[in-house]
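Enquirer: Structure: final.cif, mmCIF, C-alpha atoms.
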```
data_model
loop_
_atom_site.label_atom_id
_atom_site.label_comp_id
_atom_site.auth_asym_id
_atom_site.auth_seq_id
_atom_site.Cartn_x
_atom_site.Cartn_y
_atom_site.Cartn_z
CA MET A 17 19.35 -20.46 55.61
CA PHE A 18 16.72 -17.91 56.63
CA ASN A 19 19.17 -15.01 56.11
CA ILE A 20 20.08 -16.26 52.63
CA ASN A 21 16.45 -16.52 51.57
CA LYS A 22 15.74 -13.08 52.96
CA GLY A 23 18.62 -11.62 50.95
CA ILE A 24 17.39 -13.30 47.78
CA LEU A 25 13.89 -11.96 48.41
CA ARG A 26 15.26 -8.44 48.86
CA ARG A 27 17.11 -8.63 45.52
CA ILE A 28 13.99 -9.94 43.79
CA LYS A 29 11.96 -7.01 45.15
CA THR A 30 14.61 -4.58 43.98
CA LEU A 31 14.60 -6.13 40.51
CA VAL A 32 10.79 -5.93 40.31
CA ILE A 33 10.87 -2.24 41.31
CA ILE A 34 13.46 -1.51 38.62
CA VAL A 35 11.42 -3.34 35.97
CA LEU A 36 8.25 -1.49 36.96
CA GLY A 37 10.14 1.82 36.81
CA VAL A 38 11.43 1.08 33.31
CA LEU A 39 7.92 0.13 32.17
CA ALA A 40 6.54 3.36 33.64
CA VAL A 41 9.13 5.41 31.77
CA TYR A 42 8.37 3.49 28.57
CA GLN A 43 4.62 4.04 28.86
CA THR A 44 5.14 7.73 29.62
CA GLY A 45 7.36 8.00 26.56
CA ARG A 46 4.72 6.44 24.37
CA LEU A 47 2.05 8.79 25.67
CA TRP A 48 4.08 11.98 25.40
CA PHE A 49 6.35 11.33 22.41
CA VAL A 50 5.27 8.45 20.20
CA ASN A 51 1.69 9.57 19.67
CA ILE A 52 2.84 13.13 19.01
CA THR A 53 5.42 12.32 16.37
CA ASN A 54 4.18 9.03 14.88
CA ARG A 55 7.53 7.40 15.64
CA SER A 56 8.60 4.40 17.67
CA PHE A 57 9.97 4.87 21.19
CA PHE A 58 13.09 3.04 20.10
CA VAL A 59 13.85 5.73 17.51
CA TYR A 60 14.10 8.27 20.32
CA PHE A 61 16.13 5.88 22.45
CA ALA A 62 18.56 5.27 19.58
CA ALA A 63 18.84 9.02 19.00
CA LEU A 64 20.74 9.29 22.27
CA PHE A 65 23.67 7.51 20.62
CA ASP A 66 25.82 8.45 17.64
CA ALA A 67 24.61 6.87 14.40
CA PRO A 68 26.60 6.39 11.17
CA ALA A 69 24.00 8.45 9.29
CA PRO A 70 21.21 10.66 10.67
CA ASP A 71 17.64 9.39 10.39
CA GLY A 72 16.34 9.67 6.82
CA TYR A 73 19.65 10.53 5.15
CA THR A 74 20.17 7.08 3.65
CA ASP A 75 16.72 7.14 2.10
CA ILE A 76 16.94 10.68 0.71
CA VAL A 77 20.03 9.79 -1.35
CA ARG A 78 18.63 6.52 -2.67
CA PRO A 79 18.35 7.21 -6.41
CA MET A 80 15.24 6.98 -8.49
CA ARG A 81 17.20 4.83 -10.92
CA VAL A 82 20.62 3.20 -10.98
CA VAL A 83 22.09 2.35 -14.39
CA PHE A 84 25.12 0.11 -14.67
CA GLY A 85 27.22 -1.22 -17.54
CA ASN A 86 30.47 -3.00 -18.30
CA GLY A 87 31.68 -0.83 -21.16
CA ASP A 88 30.24 -2.88 -24.04
CA GLY A 89 27.42 -0.43 -24.85
CA ARG A 90 24.75 -2.44 -23.04
CA PHE A 91 23.23 -1.33 -19.75
CA ASP A 92 20.85 -2.62 -17.11
CA MET A 93 18.94 -0.63 -14.51
CA ARG A 94 17.15 -0.87 -11.19
CA TYR A 95 14.72 1.53 -9.55
CA GLY A 96 14.78 2.67 -5.93
CA VAL A 97 17.97 0.85 -4.88
CA ASN A 98 21.64 1.58 -4.23
CA GLU A 99 24.66 -0.28 -5.58
CA PRO A 100 27.04 -1.07 -2.66
CA THR A 101 30.15 -0.71 -4.82
CA ALA A 102 29.08 2.77 -5.87
CA ASP A 103 28.20 3.76 -2.30
CA ASN A 104 31.65 2.73 -1.10
CA ALA A 105 33.31 4.70 -3.90
CA ILE A 106 31.31 7.85 -3.10
CA ALA A 107 32.16 7.56 0.59
CA GLU A 108 35.84 7.17 -0.25
CA ILE A 109 35.82 10.22 -2.53
CA LEU A 110 34.13 12.34 0.12
CA ARG A 111 36.75 11.22 2.64
CA ARG A 112 39.96 11.68 0.66
CA GLY A 113 39.18 12.43 -2.99
CA ASP A 114 41.06 14.96 -5.09
CA PHE A 115 39.14 17.46 -7.19
CA VAL A 116 40.05 17.10 -10.88
CA GLY A 117 37.92 19.90 -12.35
CA THR A 118 34.66 20.84 -14.03
CA SER A 119 33.50 20.24 -17.57
CA ASP A 120 30.39 20.13 -19.74
CA ALA A 121 28.01 17.45 -18.50
CA ALA A 122 26.98 15.80 -21.78
CA PRO A 123 30.42 14.96 -23.28
CA THR A 124 31.80 14.01 -19.86
CA LEU A 125 29.02 11.51 -19.22
CA ASN A 126 29.12 10.18 -22.77
CA ALA A 127 32.82 9.42 -22.37
CA ALA A 128 32.18 7.73 -19.02
CA LEU A 129 29.47 5.53 -20.53
CA ARG A 130 32.04 3.92 -22.82
CA GLY A 131 33.58 2.11 -19.86
CA PRO A 132 32.42 0.36 -16.68
CA ILE A 133 30.00 2.64 -14.84
CA VAL A 134 27.36 2.92 -12.14
CA LEU A 135 25.07 5.91 -12.69
CA TYR A 136 22.72 7.22 -10.02
CA GLU A 137 19.84 9.33 -11.40
CA TYR A 138 17.58 11.41 -9.17
CA ALA A 139 14.11 12.74 -9.91
CA PHE A 140 14.99 15.95 -8.07
CA THR A 141 17.96 18.17 -7.29
CA VAL A 142 20.05 16.84 -4.38
CA ASN A 143 21.68 19.31 -2.01
CA SER A 144 25.36 18.52 -1.28
CA ASP A 145 24.98 19.24 2.44
CA ILE A 146 22.23 16.62 2.63
CA PHE A 147 23.97 14.10 0.38
CA ALA A 148 27.31 13.94 2.21
CA PRO A 149 26.10 12.91 5.72
CA ALA A 150 24.52 9.77 4.24
CA PHE A 151 28.06 8.66 3.37
CA ASN A 152 29.54 9.30 6.83
CA SER A 153 30.78 12.79 6.00
CA ARG A 154 29.87 15.44 8.58
CA THR A 155 29.37 18.20 6.02
CA GLY A 156 29.28 18.61 2.27
CA ALA A 157 32.38 20.83 2.31
CA ALA A 158 34.28 18.40 0.06
CA LEU A 159 31.72 19.27 -2.63
CA THR A 160 30.57 22.79 -1.80
CA ASP A 161 34.16 24.07 -1.54
CA ARG A 162 34.43 23.22 -5.24
CA GLY A 163 31.28 25.12 -6.15
CA LEU A 164 29.12 22.00 -6.20
CA GLU A 165 26.01 22.99 -4.27
CA SER A 166 23.56 20.54 -5.86
CA PHE A 167 23.26 17.93 -8.62
CA ASN A 168 20.84 15.38 -10.07
CA ALA A 169 23.12 12.47 -11.06
CA VAL A 170 26.30 10.74 -9.85
CA ALA A 171 28.49 8.53 -12.04
CA VAL A 172 30.99 6.13 -10.48
CA VAL A 173 33.72 4.98 -12.89
CA PRO A 174 37.10 3.31 -12.30
CA ALA A 175 38.88 6.67 -12.53
CA GLY A 176 36.70 8.37 -9.90
CA VAL A 177 33.29 9.89 -9.22
CA ILE A 178 31.49 12.45 -11.37
CA PHE A 179 28.69 14.67 -10.03
CA LEU A 180 26.39 16.09 -12.72
CA ASP A 181 23.62 18.61 -13.10
CA SER A 182 21.91 19.49 -16.37
CA GLU A 183 24.90 21.46 -17.69
CA ARG A 184 28.07 20.88 -15.66
CA ALA A 185 30.10 17.96 -14.34
CA TRP A 186 32.43 17.92 -11.30
CA THR A 187 35.05 15.14 -11.38
CA PHE A 188 36.86 13.73 -8.34
CA ALA A 189 39.55 11.03 -8.24
CA LEU A 190 41.52 9.05 -5.66
CA PRO A 191 45.01 10.32 -4.76
CA SER A 192 46.31 7.03 -6.18
CA GLY A 193 44.79 3.94 -7.77
CA GLN A 194 41.33 3.35 -9.20
CA PHE A 195 38.02 1.83 -8.18
CA GLN A 196 37.36 -1.78 -9.13
CA LEU A 197 33.78 -2.13 -10.38
CA PRO A 198 32.25 -5.62 -10.58
CA ASP A 199 31.34 -7.30 -13.85
CA PHE A 200 27.57 -6.75 -14.00
CA TYR A 201 25.27 -9.33 -15.57
CA ILE A 202 23.38 -7.86 -18.53
CA ASP A 203 20.42 -9.91 -19.73
CA ASP A 204 20.08 -10.21 -23.53
CA ASN A 205 16.30 -10.49 -23.08
CA LEU A 206 16.15 -6.86 -21.93
CA TYR A 207 18.99 -4.37 -21.90
CA PHE A 208 19.46 -0.69 -22.74
CA ASN A 209 21.58 1.36 -25.14
CA ALA A 210 22.68 4.92 -24.31
CA THR A 211 22.19 7.94 -26.56
CA ASP A 212 24.06 11.25 -26.57
CA THR A 213 21.27 12.97 -24.62
CA ARG A 214 21.30 10.83 -21.45
CA ILE A 215 18.44 8.65 -22.67
CA PHE A 216 18.58 4.88 -22.32
CA LEU A 217 16.68 2.98 -25.00
CA PRO A 218 15.32 -0.49 -24.15
CA ARG A 219 16.38 -3.34 -26.42
CA THR A 220 15.63 -7.06 -26.68
CA GLN A 221 17.02 -9.70 -29.01
CA ASP A 222 14.52 -12.54 -28.71
CA GLY A 223 11.63 -10.85 -26.93
CA TRP A 224 11.15 -10.20 -23.24
CA ARG A 225 8.50 -12.14 -21.32
CA HIS A 226 6.83 -10.34 -18.46
CA ASN A 227 3.85 -10.65 -16.13
CA THR A 228 1.02 -8.16 -16.40
CA LEU A 229 -0.26 -5.92 -13.63
CA ARG A 230 -2.64 -7.05 -10.90
CA MET A 231 -4.55 -4.40 -8.92
CA THR A 232 -6.17 -5.06 -5.55
CA ASN A 233 -8.21 -2.76 -3.33
CA PRO A 234 -7.57 -3.71 0.32
CA TYR A 235 -10.32 -1.28 1.40
CA ALA A 236 -13.03 -3.25 -0.42
CA ASN A 237 -15.02 -6.17 0.95
CA ARG A 238 -14.87 -9.73 -0.37
CA LEU A 239 -17.24 -8.82 -3.19
CA GLY A 240 -14.97 -5.96 -4.30
CA GLU A 241 -17.32 -3.27 -2.99
CA VAL A 242 -15.96 -0.28 -1.06
CA GLN A 243 -18.25 0.25 1.92
CA LEU A 244 -18.13 2.13 5.20
CA HIS A 245 -17.34 -0.91 7.32
CA SER A 246 -14.70 -2.28 4.92
CA VAL A 247 -12.78 1.01 4.93
CA ASN A 248 -13.18 1.46 8.68
CA ALA A 249 -11.68 -1.99 9.25
CA GLN A 250 -8.44 -1.00 7.49
CA VAL A 251 -7.62 2.42 8.97
CA SER A 252 -7.29 1.87 12.71
CA TYR A 253 -3.50 2.42 12.55
CA LEU A 254 -4.12 6.06 11.57
CA PHE A 255 -5.76 6.87 14.93
CA ASP A 256 -4.20 7.24 18.38
CA ASN A 257 -7.33 5.75 19.95
CA PRO A 258 -9.24 3.74 17.31
CA ALA A 259 -11.95 2.82 19.83
CA ILE A 260 -13.46 6.32 19.77
CA ARG A 261 -13.49 6.92 16.00
CA ASN A 262 -16.75 7.91 14.35
CA PRO A 263 -17.43 6.33 10.91
CA ARG A 264 -20.11 7.87 8.70
CA MET A 265 -20.99 8.70 5.09
CA VAL A 266 -20.88 12.42 4.20
CA ASP A 267 -21.77 13.60 0.66
CA ASN A 268 -20.87 10.21 -0.85
CA VAL A 269 -17.50 10.33 0.94
CA ILE A 270 -16.66 7.77 3.62
CA THR A 271 -15.50 9.78 6.65
CA ILE A 272 -13.95 8.37 9.82
CA SER A 273 -12.87 10.84 12.48
CA THR A 274 -11.89 11.64 16.04
CA ILE A 275 -11.31 15.06 17.64
CA ASN A 276 -7.92 15.65 15.96
CA THR A 277 -7.92 13.17 13.07
CA ARG A 278 -10.03 12.72 9.96
CA VAL A 279 -9.75 9.96 7.36
CA ARG A 280 -11.77 10.12 4.16
CA TYR A 281 -12.22 7.71 1.26
CA PHE A 282 -13.16 9.58 -1.92
CA PRO A 283 -14.77 8.38 -5.14
CA GLY A 284 -11.87 7.68 -7.46
CA ASN A 285 -10.29 5.45 -4.79
CA ILE A 286 -8.21 8.06 -2.97
CA LEU A 287 -7.65 7.70 0.77
CA GLU A 288 -6.87 10.92 2.66
CA TYR A 289 -5.64 11.46 6.22
CA ASN A 290 -5.70 14.87 7.97
CA CYS A 291 -4.30 15.74 11.38
CA PHE A 292 -5.50 18.91 13.17
CA ARG A 293 -3.37 18.89 16.31
CA PRO A 294 -1.65 22.17 17.24
CA ILE A 295 1.99 22.40 16.10
CA ARG A 296 4.77 24.34 17.78
CA ARG A 297 6.54 26.36 15.11
CA GLY A 298 9.26 28.17 17.00
CA GLU A 299 11.92 27.26 14.45
CA ARG A 300 12.17 27.21 10.68
CA PRO A 301 10.94 23.97 9.09
CA ASP A 302 13.80 21.51 8.65
CA PHE A 303 13.84 19.55 5.41
CA MET A 304 15.35 16.35 6.79
CA THR A 305 13.10 16.34 9.84
CA ASP A 306 10.08 16.62 7.58
CA PHE A 307 11.37 13.95 5.18
CA SER A 308 12.02 11.55 8.05
CA GLY A 309 8.49 12.15 9.31
CA ALA A 310 7.06 11.44 5.86
CA LEU A 311 9.11 8.29 5.44
CA ALA A 312 8.11 6.95 8.88
CA PHE A 313 4.44 7.59 8.09
CA VAL A 314 4.56 5.70 4.79
CA ASN A 315 6.43 2.81 6.41
CA ASN A 316 3.67 2.65 9.04
CA ASP A 317 1.02 2.15 6.35
CA PRO A 318 0.71 -1.65 5.95
CA HIS A 319 -0.63 -1.37 2.40
CA ALA A 320 1.78 1.26 1.05
CA SER A 321 4.82 -0.34 2.68
CA SER A 322 3.99 -3.68 1.09
CA HIS A 323 5.55 -2.16 -2.07
CA ASP A 324 9.09 -1.13 -2.78
CA PHE A 325 8.97 2.64 -3.24
CA TYR A 326 11.26 5.62 -3.77
CA LEU A 327 11.13 9.40 -3.40
CA ALA A 328 9.90 10.73 -6.73
CA GLY A 329 9.79 14.45 -5.95
CA PHE A 330 9.19 17.15 -3.37
CA GLU A 331 8.46 20.84 -3.04
CA SER A 332 8.18 23.53 -0.36
CA ARG A 333 4.77 25.07 0.35
CA GLY A 334 5.13 27.86 2.85
CA ARG A 335 5.91 26.30 6.21
CA THR A 336 5.40 22.72 4.94
CA HIS A 337 7.22 20.25 2.71
CA VAL A 338 5.36 18.00 0.28
CA PHE A 339 6.86 14.62 -0.69
CA TRP A 340 5.77 12.25 -3.45
CA PHE A 341 6.62 8.56 -3.50
CA ASN A 342 6.27 6.09 -6.36
CA TYR A 343 6.00 2.30 -6.34
CA VAL A 344 8.40 -0.15 -7.96
CA ILE A 345 6.30 -2.96 -9.41
CA GLY A 346 7.96 -6.35 -9.58
CA GLY A 347 10.48 -5.71 -6.81
CA THR A 348 13.72 -3.76 -6.79
CA GLU A 349 15.99 -6.80 -6.81
CA ALA A 350 14.08 -8.48 -9.63
CA GLY A 351 14.48 -5.46 -11.90
CA GLY A 352 10.99 -4.06 -11.48
CA PHE A 353 9.80 -0.84 -13.08
CA PRO A 354 8.06 2.24 -11.68
CA LEU A 355 4.31 2.50 -11.72
CA LEU A 356 3.38 4.86 -14.54
CA THR A 357 0.89 7.58 -13.64
CA PRO A 358 -1.99 8.34 -16.04
CA GLU A 359 -1.60 11.62 -17.93
CA ASP A 360 -4.26 13.30 -15.77
CA GLY A 361 -2.88 11.83 -12.52
CA TRP A 362 -4.59 9.55 -10.03
CA GLY A 363 -7.94 10.43 -8.49
CA PRO A 364 -10.12 13.52 -9.01
CA THR A 365 -9.38 15.94 -11.85
CA HIS A 366 -9.57 19.00 -9.55
CA ASP A 367 -6.84 17.69 -7.24
CA PRO A 368 -5.05 14.75 -8.86
CA LEU A 369 -2.13 12.82 -7.42
CA PRO A 370 1.02 12.95 -9.59
CA TYR A 371 2.24 9.77 -7.86
CA PRO A 372 0.42 7.13 -5.78
CA ILE A 373 1.56 8.66 -2.46
CA GLU A 374 1.64 12.30 -1.31
CA VAL A 375 2.71 13.39 2.19
CA VAL A 376 2.50 16.93 3.60
CA VAL A 377 4.69 17.53 6.68
CA ASP A 378 4.79 20.55 8.98
CA HIS A 379 7.70 20.73 11.46
CA GLY A 380 8.12 16.94 11.48
CA ARG A 381 4.41 16.11 11.77
CA VAL A 382 2.34 14.69 8.94
CA THR A 383 -0.69 16.93 8.51
CA ARG A 384 -2.01 15.46 5.27
CA TYR A 385 -1.51 12.08 3.65
CA ARG A 386 -3.08 11.06 0.36
CA LYS A 387 -2.62 7.85 -1.55
CA LEU A 388 -4.12 5.70 -4.27
CA ALA A 389 -6.08 2.99 -2.47
CA PHE A 390 -4.93 0.15 -4.73
CA THR A 391 -2.02 -2.16 -4.11
CA PHE A 392 -0.16 -3.57 -7.09
CA GLY A 393 1.48 -6.85 -7.93
CA LEU A 394 2.31 -9.08 -10.86
CA ASP A 395 -0.23 -11.49 -12.31
CA THR A 396 1.84 -14.68 -12.33
CA LEU A 397 -0.75 -16.48 -14.44
CA ASN A 398 -0.73 -13.96 -17.27
CA ARG A 399 2.51 -13.54 -19.20
CA GLN A 400 3.12 -11.51 -22.35
CA THR A 401 6.08 -11.02 -24.65
CA LEU A 402 7.59 -7.68 -25.56
CA THR A 403 8.86 -7.99 -29.14
CA PRO A 404 11.97 -6.29 -30.55
CA GLY A 405 9.83 -4.26 -32.96
CA ALA A 406 7.78 -2.77 -30.12
CA LEU A 407 10.84 -0.87 -28.91
CA ASN A 408 11.46 1.12 -32.08
CA ILE A 409 9.93 4.35 -30.76
CA PRO A 410 11.43 7.72 -31.75
CA THR A 411 12.78 9.89 -28.93
CA ARG A 412 12.60 13.62 -28.42
CA GLU A 413 15.14 16.00 -26.95
CA GLY A 414 14.86 16.37 -23.18
CA GLU A 415 12.80 13.22 -22.67
CA ARG A 416 13.67 9.68 -21.72
CA PHE A 417 12.34 6.19 -22.22
CA MET A 418 10.34 4.72 -19.36
CA LEU A 419 9.23 1.12 -19.00
CA GLY A 420 6.47 0.63 -16.47
CA PHE A 421 3.21 -0.99 -15.59
CA PRO A 422 -0.05 0.71 -16.63
CA ALA A 423 -2.98 1.49 -14.41
CA GLU A 424 -5.51 -0.91 -15.93
CA GLN A 425 -5.68 -4.52 -14.92
CA GLY A 426 -4.75 -7.06 -17.58
CA ALA A 427 -2.91 -4.60 -19.83
CA GLY A 428 0.60 -5.27 -21.09
CA LEU A 429 3.83 -3.50 -20.27
CA GLU A 430 3.66 0.19 -21.15
CA ILE A 431 6.50 2.00 -22.89
CA ARG A 432 6.54 5.75 -23.18
CA LEU A 433 8.67 8.86 -23.20
CA GLU A 434 8.74 10.85 -20.00
CA SER A 435 9.90 14.42 -19.48
CA ARG A 436 12.75 14.81 -17.01
CA LEU A 437 11.80 16.00 -13.54
CA GLU A 438 13.92 18.89 -12.33
CA ARG A 439 13.36 19.94 -8.70
CA THR A 440 15.20 23.10 -7.70
CA ASP A 441 13.49 23.71 -4.37
CA GLU A 442 15.82 24.67 -1.57
CA GLN A 443 16.58 21.78 0.77
#
```
Just dump the structure as structure tokens.

Expert:
Amino acid sequence: MFNINKGILRRIKTLVIIVLGVLAVYQTGRLWFVNITNRSFFVYFAALFDAPAPDGYTDIVRPMRVVFGNGDGRFDMRYGVNEPTADNAIAEILRRGDFVGTSDAAPTLNAALRGPIVLYEYAFTVNSDIFAPAFNSRTGAALTDRGLESFNAVAVVPAGVIFLDSERAWTFALPSGQFQLPDFYIDDNLYFNATDTRIFLPRTQDGWRHNTLRMTNPYANRLGEVQLHSVNAQVSYLFDNPAIRNPRMVDNVITISTINTRVRYFPGNILEYNCFRPIRRGERPDFMTDFSGALAFVNNDPHASSHDFYLAGFESRGRTHVFWFNYVIGGTEAGGFPLLTPEDGWGPTHDPLPYPIEVVVDHGRVTRYRKLAFTFGLDTLNRQTLTPGALNIPTREGERFMLGFPAEQGAGLEIRLESRLERTDEQ
């Protein structure tokens, strides 16, 4: 009996040593990697194994808007989501599709809109070599070998998949058979008609009831006042060691800082984060590494990530990439609409935000993060009706209809024309 107990004790000691060793490795990883890159330890652990799509690829190809129809001239749309049927069709085309040919974009899309369709629209130009890996294709050779380097829209129809830019269309089909698209539900209370210029006009038969916008400032106190202590209480997640931060008021700007980090709250309700740690720049900045860093940072913000959001644009600035994200108010599954930015942008006139979130990334590290302080939701107690006559607004060439929620609390649904965003920066 004594020998058995001694053996059990030996195994217990061995197990304890192993557990302590694993914890030591974990803590070391957090100190040396997590705080440096703003990412979870488990992301690095998962990176040791093959993944179906590299980190960030799925999010970069999520469209600004998906439009779908059944071929009866009526369409519905969602913002910031994918349609699984369309994703499967794109993956199948990249795996074994046959190239049909190129054509002019406008007549090709107009013909496709006469039948069942799922249309992905992007607010920027998508690079084929970045698009393909999100659909389990190692490279974008299936597209680039046909001269398709980039595009800003993808149409999935029963006969195949069409990639479009502003002028040309590239059509691919299955070697045999067709895709079976589902019968989408189109609500008579709010649907859209297509024009010949890739504009979708909102329509309603009996009027569309909607909730108005509710704005909340999580950085204000219970009385709605933005003060040093109320802001300081909400920004601890931005610091590696919140216990040593130094809150103070500087030139009417709330400033909270440590040695390498500074957070400021500006008049105009803009929150800004700056990181001053040294960065190793031995290699050229990688677009996807920077995008993944931006996405992880936004997801780590408890107030920003409380919204559905999508990538609204980006640009290269020297050694950095700048990403803009926009909110979907009302929820992606419920058919919400993007938050409309005021004509002069959010915040100060000398440096306005074109969208509620801006992230600057340098070699995978976020060096600057700016956002509109407010969070947005729907006022469930205040409902208004959008009448059929309110939708009779003339359109102009090169612009599209946008439905969205305005910036001022208590206002109704805003309808306006918006110029198309064309991003041609190299990815």

Enquirer: Carefully work through the PyMOL selection byres ((chain A and resi 93-110) around 8) for this structure and note down the residues it includes, as a ChimeraX atom specification.

Expert: /A:78-84,91-92,111-114,134,148,151-153,158-159,172,176-177,188-190,195,197-198,324-326,344,348-349,351-354

Enquirer: Just the number, please: distance in Å from CA of Leu369 (chain A) to CA of Thr274 (chain A), one decimal.

Expert: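 Between CA of Leu369 (chain A) and CA of Thr274 (chain A) the gap is 25.4 Å.
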
Enquirer: Please, what distance in Å, to one decimal, runs between CA of Phe216 (chain A) and CA of Leu394 (chain A)?

Expert: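 Separation between CA of Phe216 (chain A) and CA of Leu394 (chain A): 24.3 Å.
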
Enquirer: Could you check how far CA of Asp302 (chain A) sits from CA of Ser332 (chain A), in Å to one decimal?

Expert: 10.8 Å

Enquirer: Can you list what the PyMOL selection byres ((chain A and resi 374-386) around 9) grabs from this structure, as an MDAnalysis selection string?

Expert: chainID A and resid 52:54 286:293 295:297 299:311 313:314 335:341 369:373 387:388

Enquirer: Would you mind telling me which residue in A:Leu402, A:Ala127, A:Ala175, A:Ile345 lies nearest to Gln194 (chain A) when using all atoms listed in the file?

Expert: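 Closest to Gln194 (chain A), using all atoms listed in the file: A:Ala175.
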
Enquirer: Determine, counting all atoms listed in the file, which protein, DNA and RNA residues have an atom within 9 Å of an atom of Gly428 (chain A); residues of the same chain fewer than 6 positions away are not included. Present the result as an mmCIF file with C-alpha atoms, keeping the file's coordinate frame.

Expert:
```
data_model
loop_
_atom_site.group_PDB
_atom_site.id
_atom_site.type_symbol
_atom_site.label_atom_id
_atom_site.label_comp_id
_atom_site.auth_asym_id
_atom_site.auth_seq_id
_atom_site.Cartn_x
_atom_site.Cartn_y
_atom_site.Cartn_z
ATOM 1 C CA HIS A 226 6.830 -10.340 -18.460
ATOM 2 C CA ASN A 227 3.850 -10.650 -16.130
ATOM 3 C CA THR A 228 1.020 -8.160 -16.400
ATOM 4 C CA LEU A 229 -0.260 -5.920 -13.630
ATOM 5 C CA ARG A 399 2.510 -13.540 -19.200
ATOM 6 C CA GLN A 400 3.120 -11.510 -22.350
ATOM 7 C CA THR A 401 6.080 -11.020 -24.650
ATOM 8 C CA LEU A 402 7.590 -7.680 -25.560
ATOM 9 C CA PHE A 421 3.210 -0.990 -15.590
ATOM 10 C CA PRO A 422 -0.050 0.710 -16.630
#
```

Enquirer: On this structure, which residues satisfy the PyMOL selection byres ((chain A and resi 363) around 7), written as a PyMOL selection string?

Expert: chain A and resi 284-286+361-362+364-365+368-369

Enquirer: With distances taken over all atoms listed in the file, which residue among A:Thr30, A:Thr391, A:Asn209, A:Thr187 lies nearest Gly87 (chain A)?

Expert: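 Answer, going by the shortest atom-to-atom distance: A:Asn209.
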
Enquirer: Point out the residue among A:Glu183, A:Glu430, A:Ile33, A:Asp203 with the least atom-to-atom distance to Arg219 (chain A), counting all atoms listed in the file.

Expert: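 Closest candidate: A:Asp203.
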
Enquirer: When you look at region 256-265 of chain A with a cut-off of 9 Å (counting all atoms listed in the file), what residues show up, excluding the ones that are within fewer than 6 positions of it in the same chain? I need them as a PyMOL selection string.

Expert: chain A and resi 51+244-245+248+271-275+277

Enquirer: Considering all atoms listed in the file, can you say which of A:Leu125, A:Ala157, A:Val247, A:Ala139 comes closest to Asn233 (chain A)?

Expert: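 Distance minimum relative to Asn233 (chain A) lands on A:Val247.
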
Enquirer: Using all atoms listed in the file, which of the listed residues (A:Gly405, A:Asn86, A:Met418, A:Phe392) sits closest to Phe200 (chain A)?

Expert: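 Distance minimum relative to Phe200 (chain A) lands on A:Asn86.
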